[in-house]
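Engineer: Take a look at entry-v7.cif, mmCIF, C-alpha atoms:
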```cif
data_entry
loop_
_atom_site.label_atom_id
_atom_site.label_comp_id
_atom_site.auth_asym_id
_atom_site.auth_seq_id
_atom_site.Cartn_x
_atom_site.Cartn_y
_atom_site.Cartn_z
CA MET A 1 0.00 0.00 0.00
CA GLU A 2 1.37 3.42 -0.95
CA LEU A 3 2.01 5.89 1.89
CA ASP A 4 -0.48 8.40 0.50
CA ASP A 5 -3.14 5.69 0.46
CA VAL A 6 -2.43 4.84 4.10
CA LEU A 7 -2.69 8.48 5.15
CA ALA A 8 -5.95 8.92 3.26
CA ARG A 9 -7.50 5.82 4.86
CA ILE A 10 -6.81 6.76 8.49
CA GLY A 11 -9.97 8.23 9.98
CA PRO A 12 -10.74 9.80 13.36
CA ILE A 13 -11.88 7.72 16.31
CA ASP A 14 -15.65 7.26 16.60
CA PRO A 15 -17.40 10.12 18.48
CA ARG A 16 -20.69 8.22 18.72
CA ALA A 17 -19.06 5.32 20.53
CA GLN A 18 -17.37 7.82 22.83
CA ARG A 19 -20.70 9.45 23.69
CA SER A 20 -22.23 6.05 24.41
CA ALA A 21 -19.28 5.19 26.65
CA GLU A 22 -19.64 8.48 28.52
CA LEU A 23 -23.32 7.72 29.17
CA ARG A 24 -22.45 4.23 30.38
CA GLN A 25 -19.79 5.64 32.72
CA GLN A 26 -22.48 7.79 34.33
CA GLN A 27 -24.60 4.69 35.03
CA LEU A 28 -21.90 2.48 36.55
CA THR A 29 -21.93 1.67 40.29
CA LYS A 30 -19.58 4.44 41.39
CA PRO A 31 -19.72 8.20 41.82
CA PRO A 32 -19.32 9.90 38.42
CA GLY A 33 -15.67 10.69 37.72
CA SER A 34 -14.42 8.68 40.69
CA LEU A 35 -12.08 6.59 38.54
CA GLY A 36 -10.48 9.74 37.18
CA ARG A 37 -8.14 9.23 34.23
CA LEU A 38 -9.27 5.63 33.81
CA GLU A 39 -12.70 6.91 32.81
CA GLU A 40 -11.23 9.30 30.23
CA LEU A 41 -9.05 6.51 28.87
CA SER A 42 -12.00 4.12 28.61
CA VAL A 43 -13.94 6.66 26.54
CA GLN A 44 -10.97 7.03 24.21
CA LEU A 45 -10.81 3.24 23.86
CA ALA A 46 -14.50 3.16 22.98
CA GLY A 47 -13.81 5.62 20.17
CA ILE A 48 -10.85 3.61 18.91
CA PHE A 49 -12.70 0.28 18.86
CA ARG A 50 -16.05 1.79 17.82
CA THR A 51 -18.01 0.28 20.68
CA GLU A 52 -19.21 1.50 24.07
CA ARG A 53 -17.83 -1.70 25.64
CA PRO A 54 -14.26 -2.17 24.32
CA THR A 55 -12.44 -5.40 25.16
CA PRO A 56 -8.82 -5.15 23.95
CA ARG A 57 -7.12 -8.53 24.01
CA GLY A 58 -3.59 -9.06 22.73
CA LYS A 59 -0.60 -6.83 23.51
CA ALA A 60 2.65 -6.34 21.61
CA VAL A 61 5.57 -3.93 21.79
CA ILE A 62 7.63 -3.25 18.67
CA VAL A 63 11.22 -2.31 19.54
CA ALA A 64 13.05 -0.78 16.57
CA ALA A 65 16.82 -0.32 16.72
CA ALA A 66 19.22 1.67 14.55
CA ASP A 67 22.46 3.62 14.68
CA HIS A 68 23.04 7.35 14.23
CA GLY A 69 25.87 9.06 12.39
CA VAL A 70 25.64 12.07 14.70
CA VAL A 71 27.43 10.09 17.44
CA ALA A 72 30.62 11.13 15.63
CA GLN A 73 30.02 14.58 17.15
CA GLY A 74 30.46 13.30 20.70
CA VAL A 75 26.85 13.72 21.85
CA THR A 76 26.74 10.55 23.97
CA GLY A 77 28.92 8.78 26.47
CA TYR A 78 28.32 5.37 24.91
CA PRO A 79 29.99 3.97 21.77
CA ARG A 80 27.83 3.16 18.76
CA GLU A 81 28.50 -0.56 19.22
CA VAL A 82 26.17 -0.60 22.23
CA THR A 83 23.12 -0.45 19.96
CA ALA A 84 23.84 -3.85 18.38
CA GLN A 85 24.96 -5.26 21.72
CA MET A 86 21.63 -4.31 23.26
CA VAL A 87 19.74 -5.86 20.35
CA ARG A 88 21.54 -9.12 21.10
CA ASN A 89 20.46 -8.68 24.73
CA PHE A 90 16.84 -8.25 23.61
CA LEU A 91 17.08 -11.43 21.56
CA GLU A 92 18.54 -13.32 24.52
CA GLY A 93 15.79 -12.05 26.84
CA GLY A 94 18.03 -10.14 29.22
CA ALA A 95 16.94 -6.50 28.91
CA ALA A 96 14.48 -4.57 31.07
CA VAL A 97 11.82 -4.64 28.37
CA ASN A 98 12.13 -8.44 28.15
CA VAL A 99 11.54 -8.79 31.88
CA MET A 100 8.57 -6.42 31.86
CA ALA A 101 7.03 -7.93 28.73
CA ARG A 102 7.25 -11.45 30.14
CA LYS A 103 5.65 -10.33 33.38
CA ALA A 104 2.84 -8.49 31.58
CA GLY A 105 2.16 -11.07 28.88
CA VAL A 106 3.24 -8.73 26.09
CA ASP A 107 4.67 -10.04 22.82
CA LEU A 108 8.04 -8.51 21.96
CA VAL A 109 8.97 -7.78 18.34
CA VAL A 110 12.61 -6.76 17.82
CA VAL A 111 13.44 -4.94 14.59
CA ASP A 112 16.78 -4.09 12.97
CA ALA A 113 15.82 -0.80 11.34
CA GLY A 114 19.38 0.13 10.42
CA LEU A 115 22.18 -1.07 12.68
CA ALA A 116 25.74 -0.27 11.67
CA ALA A 117 26.70 -3.86 12.50
CA LEU A 118 25.34 -6.82 10.58
CA LEU A 119 23.83 -9.30 13.03
CA PRO A 120 23.52 -13.00 12.26
CA GLU A 121 20.08 -14.32 11.43
CA HIS A 122 17.89 -14.96 14.46
CA PRO A 123 14.29 -16.21 14.59
CA GLY A 124 13.36 -13.37 16.93
CA LEU A 125 14.85 -10.58 14.81
CA ARG A 126 12.86 -8.79 12.14
CA VAL A 127 15.04 -7.07 9.53
CA ALA A 128 13.82 -3.80 8.00
CA ARG A 129 17.14 -2.14 7.34
CA ALA A 130 17.15 1.22 5.61
CA GLY A 131 20.95 1.45 5.79
CA ARG A 132 23.89 0.86 8.10
CA GLY A 133 23.06 3.74 10.41
CA THR A 134 22.12 7.26 9.40
CA ALA A 135 24.56 9.84 8.09
CA ASP A 136 25.88 12.59 10.36
CA MET A 137 23.04 15.13 10.30
CA THR A 138 25.39 17.99 11.10
CA ARG A 139 26.85 17.57 7.58
CA GLY A 140 23.63 17.05 5.64
CA PRO A 141 20.46 14.94 5.72
CA ALA A 142 20.46 11.95 8.03
CA MET A 143 18.87 9.88 5.24
CA SER A 144 17.31 10.25 1.83
CA ARG A 145 13.60 10.86 1.40
CA VAL A 146 13.37 7.40 -0.17
CA GLN A 147 14.91 5.84 2.94
CA ALA A 148 12.55 7.83 5.17
CA GLU A 149 9.53 6.52 3.29
CA GLN A 150 10.99 3.01 3.39
CA CYS A 151 11.14 3.22 7.19
CA LEU A 152 7.54 4.44 7.42
CA ASN A 153 6.31 1.64 5.18
CA ALA A 154 8.19 -0.95 7.23
CA GLY A 155 6.59 0.30 10.43
CA ILE A 156 3.12 0.35 8.88
CA SER A 157 3.55 -3.27 7.77
CA LEU A 158 4.78 -4.34 11.21
CA ALA A 159 1.83 -2.71 12.97
CA LEU A 160 -0.66 -4.26 10.58
CA GLU A 161 1.00 -7.65 11.05
CA VAL A 162 0.87 -7.64 14.86
CA ALA A 163 -2.71 -6.36 14.71
CA GLU A 164 -3.63 -9.23 12.39
CA ASP A 165 -1.95 -11.60 14.85
CA GLY A 166 -4.26 -10.38 17.63
CA ALA A 167 -2.61 -7.35 19.23
CA ASP A 168 -5.19 -4.70 20.10
CA ILE A 169 -2.65 -2.69 22.11
CA ILE A 170 0.60 -1.89 20.29
CA GLY A 171 3.57 -0.30 22.05
CA ALA A 172 6.38 1.63 20.39
CA GLY A 173 9.88 1.06 21.77
CA GLU A 174 13.37 1.84 20.51
CA MET A 175 17.10 1.43 20.91
CA GLY A 176 19.71 3.62 19.28
CA ILE A 177 22.78 5.32 20.70
CA GLY A 178 22.46 9.00 19.77
CA ASN A 179 18.72 8.95 19.21
CA THR A 180 17.82 11.53 21.85
CA THR A 181 19.87 14.00 19.79
CA ALA A 182 17.77 13.22 16.71
CA SER A 183 14.60 13.40 18.80
CA SER A 184 15.60 16.82 20.12
CA ALA A 185 16.05 18.06 16.56
CA ILE A 186 12.72 16.58 15.43
CA THR A 187 10.88 18.07 18.40
CA ALA A 188 12.40 21.52 17.85
CA ALA A 189 11.66 21.39 14.12
CA LEU A 190 8.01 20.34 14.54
CA THR A 191 7.05 22.35 17.63
CA GLY A 192 9.12 25.50 17.10
CA ARG A 193 10.29 25.39 20.71
CA PRO A 194 13.84 26.48 21.59
CA LEU A 195 16.60 23.90 21.76
CA ASN A 196 17.24 24.41 25.47
CA GLU A 197 13.70 23.06 26.00
CA THR A 198 13.85 20.15 23.58
CA THR A 199 17.36 18.88 24.38
CA GLY A 200 18.01 16.72 27.44
CA ARG A 201 20.83 14.80 29.05
CA GLY A 202 20.28 11.54 27.21
CA THR A 203 22.62 8.95 28.68
CA GLY A 204 23.81 11.47 31.29
CA ARG A 205 25.49 14.60 29.94
CA ASN A 206 27.08 17.15 32.32
CA GLU A 207 26.62 20.90 31.80
CA ALA A 208 29.49 21.31 29.33
CA GLU A 209 28.43 18.21 27.42
CA MET A 210 24.85 19.45 27.37
CA ALA A 211 25.94 22.76 25.85
CA HIS A 212 27.84 20.83 23.18
CA LYS A 213 24.80 18.65 22.47
CA VAL A 214 22.58 21.72 22.03
CA ALA A 215 25.15 23.21 19.66
CA VAL A 216 25.20 19.99 17.63
CA VAL A 217 21.42 19.96 17.29
CA GLU A 218 21.45 23.64 16.34
CA ARG A 219 24.04 22.97 13.63
CA ALA A 220 22.01 20.07 12.25
CA LEU A 221 18.89 22.22 12.01
CA GLU A 222 20.80 25.08 10.35
CA VAL A 223 22.52 22.82 7.84
CA ASN A 224 19.37 20.97 6.81
CA GLN A 225 16.63 23.62 6.95
CA SER A 226 13.89 20.99 7.16
CA ASN A 227 10.32 21.91 6.25
CA PRO A 228 8.22 21.80 9.45
CA ASP A 229 5.05 21.31 7.42
CA ASP A 230 6.41 18.10 5.92
CA GLY A 231 6.91 15.30 8.44
CA LEU A 232 8.71 13.15 5.88
CA ASP A 233 11.22 15.94 5.23
CA VAL A 234 11.90 16.40 8.95
CA LEU A 235 12.43 12.66 9.35
CA ALA A 236 14.82 12.55 6.40
CA LYS A 237 16.81 15.59 7.45
CA VAL A 238 17.27 15.06 11.21
CA GLY A 239 15.63 11.74 12.11
CA GLY A 240 16.66 8.15 12.58
CA PHE A 241 15.79 4.88 10.92
CA GLU A 242 14.21 3.48 14.09
CA ILE A 243 12.26 6.72 14.60
CA GLY A 244 10.91 6.38 11.07
CA VAL A 245 9.87 2.78 11.67
CA LEU A 246 8.06 3.80 14.87
CA ALA A 247 6.32 6.67 13.07
CA GLY A 248 5.13 4.00 10.65
CA VAL A 249 3.98 1.85 13.58
CA VAL A 250 1.83 4.77 14.74
CA LEU A 251 0.34 5.14 11.26
CA GLY A 252 -0.24 1.42 10.87
CA GLY A 253 -1.78 1.10 14.31
CA ALA A 254 -4.19 3.93 13.56
CA LEU A 255 -5.04 2.40 10.19
CA ALA A 256 -5.86 -0.89 11.95
CA ARG A 257 -7.86 1.01 14.61
CA ARG A 258 -5.69 -0.19 17.48
CA VAL A 259 -4.39 1.57 20.57
CA VAL A 260 -0.83 2.82 20.03
CA VAL A 261 1.12 3.32 23.25
CA LEU A 262 4.04 5.72 23.10
CA ASP A 263 6.98 5.11 25.39
CA GLY A 264 9.31 8.00 26.13
CA PHE A 265 10.96 10.88 24.30
CA VAL A 266 12.16 9.02 21.21
CA SER A 267 8.91 7.19 20.46
CA THR A 268 6.99 10.42 21.09
CA ALA A 269 9.23 12.16 18.53
CA ALA A 270 8.12 9.41 16.15
CA GLY A 271 4.56 10.24 17.16
CA LEU A 272 5.20 13.87 16.19
CA ILE A 273 6.30 12.77 12.73
CA ALA A 274 3.22 10.57 12.27
CA HIS A 275 0.90 13.27 13.58
CA ARG A 276 2.33 15.84 11.17
CA LEU A 277 1.69 13.40 8.32
CA CYS A 278 -1.84 12.56 9.54
CA PRO A 279 -3.39 14.47 12.46
CA HIS A 280 -6.10 11.80 12.91
CA VAL A 281 -3.51 9.51 14.54
CA GLY A 282 -3.69 11.62 17.69
CA GLY A 283 -6.90 9.92 18.77
CA TYR A 284 -5.23 6.50 18.78
CA LEU A 285 -2.25 7.56 20.91
CA VAL A 286 -1.78 6.93 24.62
CA ALA A 287 1.23 8.44 26.40
CA SER A 288 2.49 5.79 28.78
CA HIS A 289 4.74 7.83 31.05
CA LEU A 290 6.64 11.08 31.46
CA SER A 291 10.29 10.65 30.63
CA ALA A 292 12.99 12.41 32.61
CA GLU A 293 14.11 13.83 29.23
CA GLN A 294 12.88 17.43 29.26
CA GLY A 295 12.04 17.46 25.56
CA HIS A 296 9.40 14.83 26.24
CA ARG A 297 7.17 17.39 27.96
CA VAL A 298 7.37 19.62 24.89
CA ALA A 299 6.50 16.78 22.51
CA LEU A 300 3.60 15.56 24.66
CA ALA A 301 2.18 19.07 25.02
CA HIS A 302 2.29 19.55 21.26
CA LEU A 303 0.36 16.31 20.77
CA GLY A 304 -2.11 17.18 23.53
CA LEU A 305 -1.25 14.03 25.49
CA ARG A 306 -1.05 13.50 29.23
CA PRO A 307 1.12 10.60 30.44
CA LEU A 308 -0.44 7.92 32.62
CA LEU A 309 2.67 7.38 34.75
CA ASP A 310 5.53 9.48 36.11
CA LEU A 311 8.25 7.19 37.45
CA GLY A 312 11.36 9.19 36.55
CA MET A 313 12.23 6.68 33.83
CA ARG A 314 14.36 7.43 30.78
CA LEU A 315 15.46 4.02 29.57
CA GLY A 316 13.40 3.64 26.42
CA GLU A 317 13.12 0.14 24.92
CA GLY A 318 9.32 0.36 25.25
CA THR A 319 9.50 -0.18 29.02
CA GLY A 320 7.04 2.58 29.88
CA ALA A 321 4.65 1.42 27.16
CA VAL A 322 4.60 -2.10 28.59
CA LEU A 323 3.93 -0.82 32.11
CA ALA A 324 0.98 1.27 30.91
CA MET A 325 -0.73 -1.57 29.06
CA GLY A 326 -2.19 -2.97 32.27
CA LEU A 327 -3.82 0.37 33.00
CA ILE A 328 -5.30 0.43 29.50
CA GLU A 329 -6.75 -3.05 29.97
CA THR A 330 -8.11 -2.08 33.39
CA ALA A 331 -9.78 1.07 32.04
CA ALA A 332 -11.54 -0.96 29.35
CA ALA A 333 -12.55 -3.70 31.79
CA CYS A 334 -14.10 -1.26 34.25
CA LEU A 335 -16.20 0.33 31.51
CA THR A 336 -17.21 -3.01 30.01
CA GLU A 337 -17.63 -5.29 33.02
CA MET A 338 -18.86 -3.11 35.89
CA ALA A 339 -22.57 -3.31 36.66
CA THR A 340 -24.82 -0.32 36.20
CA PHE A 341 -26.94 0.92 39.11
CA ALA A 342 -29.99 -0.65 37.48
CA GLU A 343 -28.28 -4.01 36.95
CA ALA A 344 -27.03 -4.12 40.54
CA GLY A 345 -30.29 -2.89 42.07
CA VAL A 346 -28.51 0.04 43.72
CA SER A 347 -30.54 3.20 44.34
CA VAL A 348 -29.22 6.46 42.93
CA GLY A 349 -29.63 9.79 44.69
CA ALA A 350 -30.33 13.13 43.08
CA ASP A 351 -26.61 13.77 42.89
CA GLY A 352 -26.13 10.63 40.77
CA GLU A 353 -24.46 8.72 43.63
CA ALA A 354 -25.65 5.62 45.44
CA ASP A 355 -27.97 6.28 48.38
#
```
Can you dump the structure from the file as structure tokens?
Structural biologist:
Amino acid sequence: MELDDVLARIGPIDPRAQRSAELRQQQLTKPPGSLGRLEELSVQLAGIFRTERPTPRGKAVIVAAADHGVVAQGVTGYPREVTAQMVRNFLEGGAAVNVMARKAGVDLVVVDAGLAALLPEHPGLRVARAGRGTADMTRGPAMSRVQAEQCLNAGISLALEVAEDGADIIGAGEMGIGNTTASSAITAALTGRPLNETTGRGTGRNEAEMAHKVAVVERALEVNQSNPDDGLDVLAKVGGFEIGVLAGVVLGGALARRVVVLDGFVSTAAGLIAHRLCPHVGGYLVASHLSAEQGHRVALAHLGLRPLLDLGMRLGEGTGAVLAMGLIETAAACLTEMATFAEAGVSVGADGEAD
């Protein structure tokens, strides 16, 4: 399916189902609004699944990994080789996201979106390589427009595949040394916010290193002059292969009418790209948690999203997305399975609460 066709076929979530869900919430055996954010989330789920009683079943998190040429500018304390090493760790089941996914019953899909190293074949590794890492974005575009579209199409296909396999809740995770630098550039380009708001410490930069990182992002934006009205151009100029795949996951998840759970700063930068390409995707997005990366607040605010959790996390990998999936399931279950006052034979006072 061509990208333009995908964008044209993504529609908004269903307002009629949302209204029905809101009415049902008012009839459930609890004071109105007493479940707080869970009630709001359940109404969103009703709109996504087009029913007042949503019952999401399967869960999957897609973890896309790729390398970044901008690491040559000294923006991170870790060598580029760590990206491939962590992918091996994912495949062996030893990373944080593996532990959390096993505990939560979430399927894990690991994707080579463009590692610099060539990994041996593995039954648990999906290969969607757009190149052997991006180019240094301080010297020109991180990738070609063709490569950017290739990444989006790969992510769309992956989301549609896991949806077809039964995942109603799809998480977006990533791994890529240097990718908070790309995410800072994307966030600045698409929100117009200053770099000192969109650039964070990543793997732990001190003040001098932070100033250097900001300068690197500024140089990349000046060199490339990306078009903020064109999400594909921003991705090509200052993005990453894994960010492009995750932007495609957002698009594919929305096309399949599934919940798409963003993780932290990097996956939310991918959400910004997808949203710029198709604003309707916003209705399908759930922000799992608030990252300690300061640019995450900027990206979330631009998307109009409020995170469900705030645990001071900044690991990535899809860890926050996995943690939030239980809350999503619980929100749907409360809306769908709780008895109404009439069903339970509970009297309701004039204030709408049980007598």
Engineer: Counting only C-alpha atoms, what is within 8 Å of Met325 (chain A), bar same-chain residues fewer than 2 positions away, as a PyMOL selection string?
Structural biologist: chain A and resi 59+169+261+321-323+327-329
Engineer: Could the centre and edge lengths of an axis-aligned box, enclosing all atoms of region 321-340 of chain A in the file with 4 Å extra on each side, be given in Å to one decimal as lines of an AutoDock Vina configuration file?
Structural biologist:
```
center_x = -10.1
center_y = -1.9
center_z = 31.9
size_x = 37.5
size_y = 14.7
size_z = 17.5
```
Engineer: Step by step, work through what the PyMOL selection byres ((chain A and resi 73) around 12) selects in the shown file, and finish by giving those residues as number ranges by chain.
Structural biologist: A: 68-72, 74-77, 79-80, 135-139, 178, 181, 209, 212-217, 219-220
Engineer: May I have a table of the residues of region 301-341 of chain A lying at most 12 Å from region 23-37 of chain A, giving each one's closest pair of atoms and their distance in Å to one decimal, counting only C-alpha atoms, ordered by chain and ascending residue number, as a tab-separated table?
Structural biologist:
```
residue	atom	partner	partner_atom	distance
A:Arg306	CA	A:Arg37	CA	9.7
A:Pro307	CA	A:Arg37	CA	10.1
A:Leu308	CA	A:Arg37	CA	8.0
A:Leu309	CA	A:Arg37	CA	11.0
A:Leu327	CA	A:Arg37	CA	9.9
A:Ile328	CA	A:Arg37	CA	10.4
A:Thr330	CA	A:Leu35	CA	10.8
A:Ala331	CA	A:Arg37	CA	8.6
A:Ala332	CA	A:Gln25	CA	11.1
A:Ala333	CA	A:Gln25	CA	11.9
A:Cys334	CA	A:Leu28	CA	9.0
A:Leu335	CA	A:Gln25	CA	6.5
A:Thr336	CA	A:Arg24	CA	8.9
A:Glu337	CA	A:Leu28	CA	9.5
A:Met338	CA	A:Leu28	CA	6.4
A:Ala339	CA	A:Leu28	CA	5.8
A:Thr340	CA	A:Leu28	CA	4.1
A:Phe341	CA	A:Thr29	CA	5.2
```
Engineer: Between A:Gly264, A:Pro141, A:Pro12, A:Gly133, single out the one closest to Glu293 (chain A), counting all atoms listed in the file.
Structural biologist: A:Gly264
Engineer: Output the residue selection produced by the PyMOL selection byres ((chain A and resi 175) around 9) on the file above, formatted as number ranges by chain.
Structural biologist: A: 63-67, 83-84, 86-87, 173-174, 176-177, 179, 242, 316-318
Engineer: Could you check which of A:Gly295, A:Gly239, A:Gly252, A:Gly283 is closest to Arg201 (chain A), using only C-alpha atoms?
Structural biologist: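 Of the candidates, the smallest distance to Arg201 (chain A) is held by A:Gly295.
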Engineer: Could you pull the residues within 9 Å of region 44-51 of chain A, counting all atoms listed in the file, minus those fewer than 4 positions along the same chain, as a list of chain:residue names?
Structural biologist: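 Neighbouring residues, sequence-local ones excluded: A:Pro12, A:Ile13, A:Asp14, A:Pro15, A:Arg16, A:Ala17, A:Gln18, A:Arg19, A:Ser20, A:Ala21, A:Glu39, A:Glu40, A:Thr55, A:Pro56, A:Ala254, A:Arg257, A:Arg258, A:Val259, A:Gly283, A:Tyr284, A:Ile328, A:Ala331, A:Ala332.
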Engineer: Which residues fall under the PyMOL selection byres ((chain A and resi 194) around 12) in this file, as a PyMOL selection string?
Structural biologist: chain A and resi 184-193+195-199+214-215+217-218+221+294-295+298
Engineer: Write the residues of the selection above to a file with C-alpha atoms, as a PDB file, in the frame of the given file.
Structural biologist:
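Printed below is part_23.pdb as written:
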```pdb
ATOM      1  CA  SER A 184      15.600  16.820  20.120  1.00  0.00           C
ATOM      2  CA  ALA A 185      16.050  18.060  16.560  1.00  0.00           C
ATOM      3  CA  ILE A 186      12.720  16.580  15.430  1.00  0.00           C
ATOM      4  CA  THR A 187      10.880  18.070  18.400  1.00  0.00           C
ATOM      5  CA  ALA A 188      12.400  21.520  17.850  1.00  0.00           C
ATOM      6  CA  ALA A 189      11.660  21.390  14.120  1.00  0.00           C
ATOM      7  CA  LEU A 190       8.010  20.340  14.540  1.00  0.00           C
ATOM      8  CA  THR A 191       7.050  22.350  17.630  1.00  0.00           C
ATOM      9  CA  GLY A 192       9.120  25.500  17.100  1.00  0.00           C
ATOM     10  CA  ARG A 193      10.290  25.390  20.710  1.00  0.00           C
ATOM     11  CA  LEU A 195      16.600  23.900  21.760  1.00  0.00           C
ATOM     12  CA  ASN A 196      17.240  24.410  25.470  1.00  0.00           C
ATOM     13  CA  GLU A 197      13.700  23.060  26.000  1.00  0.00           C
ATOM     14  CA  THR A 198      13.850  20.150  23.580  1.00  0.00           C
ATOM     15  CA  THR A 199      17.360  18.880  24.380  1.00  0.00           C
ATOM     16  CA  VAL A 214      22.580  21.720  22.030  1.00  0.00           C
ATOM     17  CA  ALA A 215      25.150  23.210  19.660  1.00  0.00           C
ATOM     18  CA  VAL A 217      21.420  19.960  17.290  1.00  0.00           C
ATOM     19  CA  GLU A 218      21.450  23.640  16.340  1.00  0.00           C
ATOM     20  CA  LEU A 221      18.890  22.220  12.010  1.00  0.00           C
ATOM     21  CA  GLN A 294      12.880  17.430  29.260  1.00  0.00           C
ATOM     22  CA  GLY A 295      12.040  17.460  25.560  1.00  0.00           C
ATOM     23  CA  VAL A 298       7.370  19.620  24.890  1.00  0.00           C
TER      24      VAL A 298
END
```
Engineer: Can you measure CA of Lys237 (chain A) to CA of Gln225 (chain A) for me? One decimal in Å is fine.
Structural biologist: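 Result for CA of Lys237 (chain A) versus CA of Gln225 (chain A): 8.0 Å, one decimal.
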Engineer: To one decimal place, how far is CA of Gly244 (chain A) from CA of Glu92 (chain A) in Å?
Structural biologist: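 Taking CA of Gly244 (chain A) as the start and CA of Glu92 (chain A) as the end point, the length is 25.0 Å.
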Engineer: Report, in Å with one decimal, the straight-line distance from CA of Val97 (chain A) to CA of Gly166 (chain A).
Structural biologist: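 Answer for the CA of Val97 (chain A) to CA of Gly166 (chain A) separation: 20.2 Å.
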Engineer: Excluding His275 (chain A) and its own-chain neighbours fewer than 6 positions away, which residues fall within 12 Å of it when counting all atoms listed in the file? Please give them as a list in words.
Structural biologist: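 Those residues are Leu7, Ile10, Leu190, Thr191, Pro228, Asp229, Asp230, Gly231, Leu232, Leu246, Ala247, Gly248, Val249, Val250, Leu251, Ala254, Thr268, Ala269, Val281, Gly282, Gly283, Tyr284, Leu285, Ala299, Leu300, His302, Leu303 and Gly304 of chain A.
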Engineer: Ranking A:Arg145, A:Ala301, A:Ala154, A:Phe241 by minimum distance to Ala116 (chain A) and counting only C-alpha atoms, which one comes first?
Structural biologist: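 Once distances to Ala116 (chain A) are computed over only C-alpha atoms, the minimum belongs to A:Phe241.
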Engineer: Counting all atoms listed in the file, which of A:Asp107, A:Arg9, A:Leu158, A:Gly345 gets nearest to Val127 (chain A)?
Structural biologist: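 Comparing A:Asp107, A:Arg9, A:Leu158, A:Gly345 against Val127 (chain A), the winner is A:Leu158.
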Engineer: Using all atoms listed in the file, find the one residue out of A:Ser144, A:Thr134, A:Asn89, A:Ser267 that sits nearest to Thr180 (chain A).
Structural biologist: A:Ser267
Engineer: Could you check the closest approach to Ala142 (chain A) for each of A:Glu207, A:Ser157, A:Pro54, A:Ala130 and tell me which residue wins, using all atoms listed in the file?
Structural biologist: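 Ranked by minimum distance to Ala142 (chain A), first place goes to A:Ala130.
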Engineer: Have region 241-251 of chain A completed to N, CA, C and O atoms, please, and pass it along as a PDB file, in the frame of the given file.
Structural biologist:
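File written: result-v1.pdb
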```
ATOM      1  N   PHE A 241      16.503   5.977  11.551  1.00  0.00           N
ATOM      2  CA  PHE A 241      15.790   4.880  10.920  1.00  0.00           C
ATOM      3  C   PHE A 241      14.765   4.256  11.864  1.00  0.00           C
ATOM      4  O   PHE A 241      13.649   3.926  11.465  1.00  0.00           O
ATOM      5  N   GLU A 242      15.158   4.081  13.141  1.00  0.00           N
ATOM      6  CA  GLU A 242      14.210   3.480  14.090  1.00  0.00           C
ATOM      7  C   GLU A 242      13.053   4.429  14.394  1.00  0.00           C
ATOM      8  O   GLU A 242      11.907   3.992  14.627  1.00  0.00           O
ATOM      9  N   ILE A 243      13.322   5.735  14.372  1.00  0.00           N
ATOM     10  CA  ILE A 243      12.260   6.720  14.600  1.00  0.00           C
ATOM     11  C   ILE A 243      11.268   6.664  13.439  1.00  0.00           C
ATOM     12  O   ILE A 243      10.049   6.737  13.633  1.00  0.00           O
ATOM     13  N   GLY A 244      11.788   6.501  12.230  1.00  0.00           N
ATOM     14  CA  GLY A 244      10.910   6.380  11.070  1.00  0.00           C
ATOM     15  C   GLY A 244      10.052   5.134  11.130  1.00  0.00           C
ATOM     16  O   GLY A 244       8.853   5.164  10.815  1.00  0.00           O
ATOM     17  N   VAL A 245      10.648   4.017  11.542  1.00  0.00           N
ATOM     18  CA  VAL A 245       9.870   2.780  11.670  1.00  0.00           C
ATOM     19  C   VAL A 245       8.761   2.963  12.712  1.00  0.00           C
ATOM     20  O   VAL A 245       7.612   2.556  12.488  1.00  0.00           O
ATOM     21  N   LEU A 246       9.082   3.595  13.842  1.00  0.00           N
ATOM     22  CA  LEU A 246       8.060   3.800  14.870  1.00  0.00           C
ATOM     23  C   LEU A 246       6.980   4.777  14.424  1.00  0.00           C
ATOM     24  O   LEU A 246       5.805   4.615  14.790  1.00  0.00           O
ATOM     25  N   ALA A 247       7.350   5.787  13.645  1.00  0.00           N
ATOM     26  CA  ALA A 247       6.320   6.670  13.070  1.00  0.00           C
ATOM     27  C   ALA A 247       5.385   5.847  12.187  1.00  0.00           C
ATOM     28  O   ALA A 247       4.163   6.059  12.186  1.00  0.00           O
ATOM     29  N   GLY A 248       5.952   4.890  11.455  1.00  0.00           N
ATOM     30  CA  GLY A 248       5.130   4.000  10.650  1.00  0.00           C
ATOM     31  C   GLY A 248       4.255   3.097  11.505  1.00  0.00           C
ATOM     32  O   GLY A 248       3.105   2.812  11.155  1.00  0.00           O
ATOM     33  N   VAL A 249       4.775   2.652  12.646  1.00  0.00           N
ATOM     34  CA  VAL A 249       3.980   1.850  13.580  1.00  0.00           C
ATOM     35  C   VAL A 249       2.762   2.636  14.045  1.00  0.00           C
ATOM     36  O   VAL A 249       1.653   2.101  14.135  1.00  0.00           O
ATOM     37  N   VAL A 250       2.954   3.923  14.335  1.00  0.00           N
ATOM     38  CA  VAL A 250       1.830   4.770  14.740  1.00  0.00           C
ATOM     39  C   VAL A 250       0.791   4.834  13.619  1.00  0.00           C
ATOM     40  O   VAL A 250      -0.412   4.668  13.854  1.00  0.00           O
ATOM     41  N   LEU A 251       1.253   5.057  12.404  1.00  0.00           N
ATOM     42  CA  LEU A 251       0.340   5.140  11.260  1.00  0.00           C
ATOM     43  C   LEU A 251      -0.384   3.816  11.039  1.00  0.00           C
ATOM     44  O   LEU A 251      -1.609   3.779  10.830  1.00  0.00           O
TER      45      LEU A 251
END
```
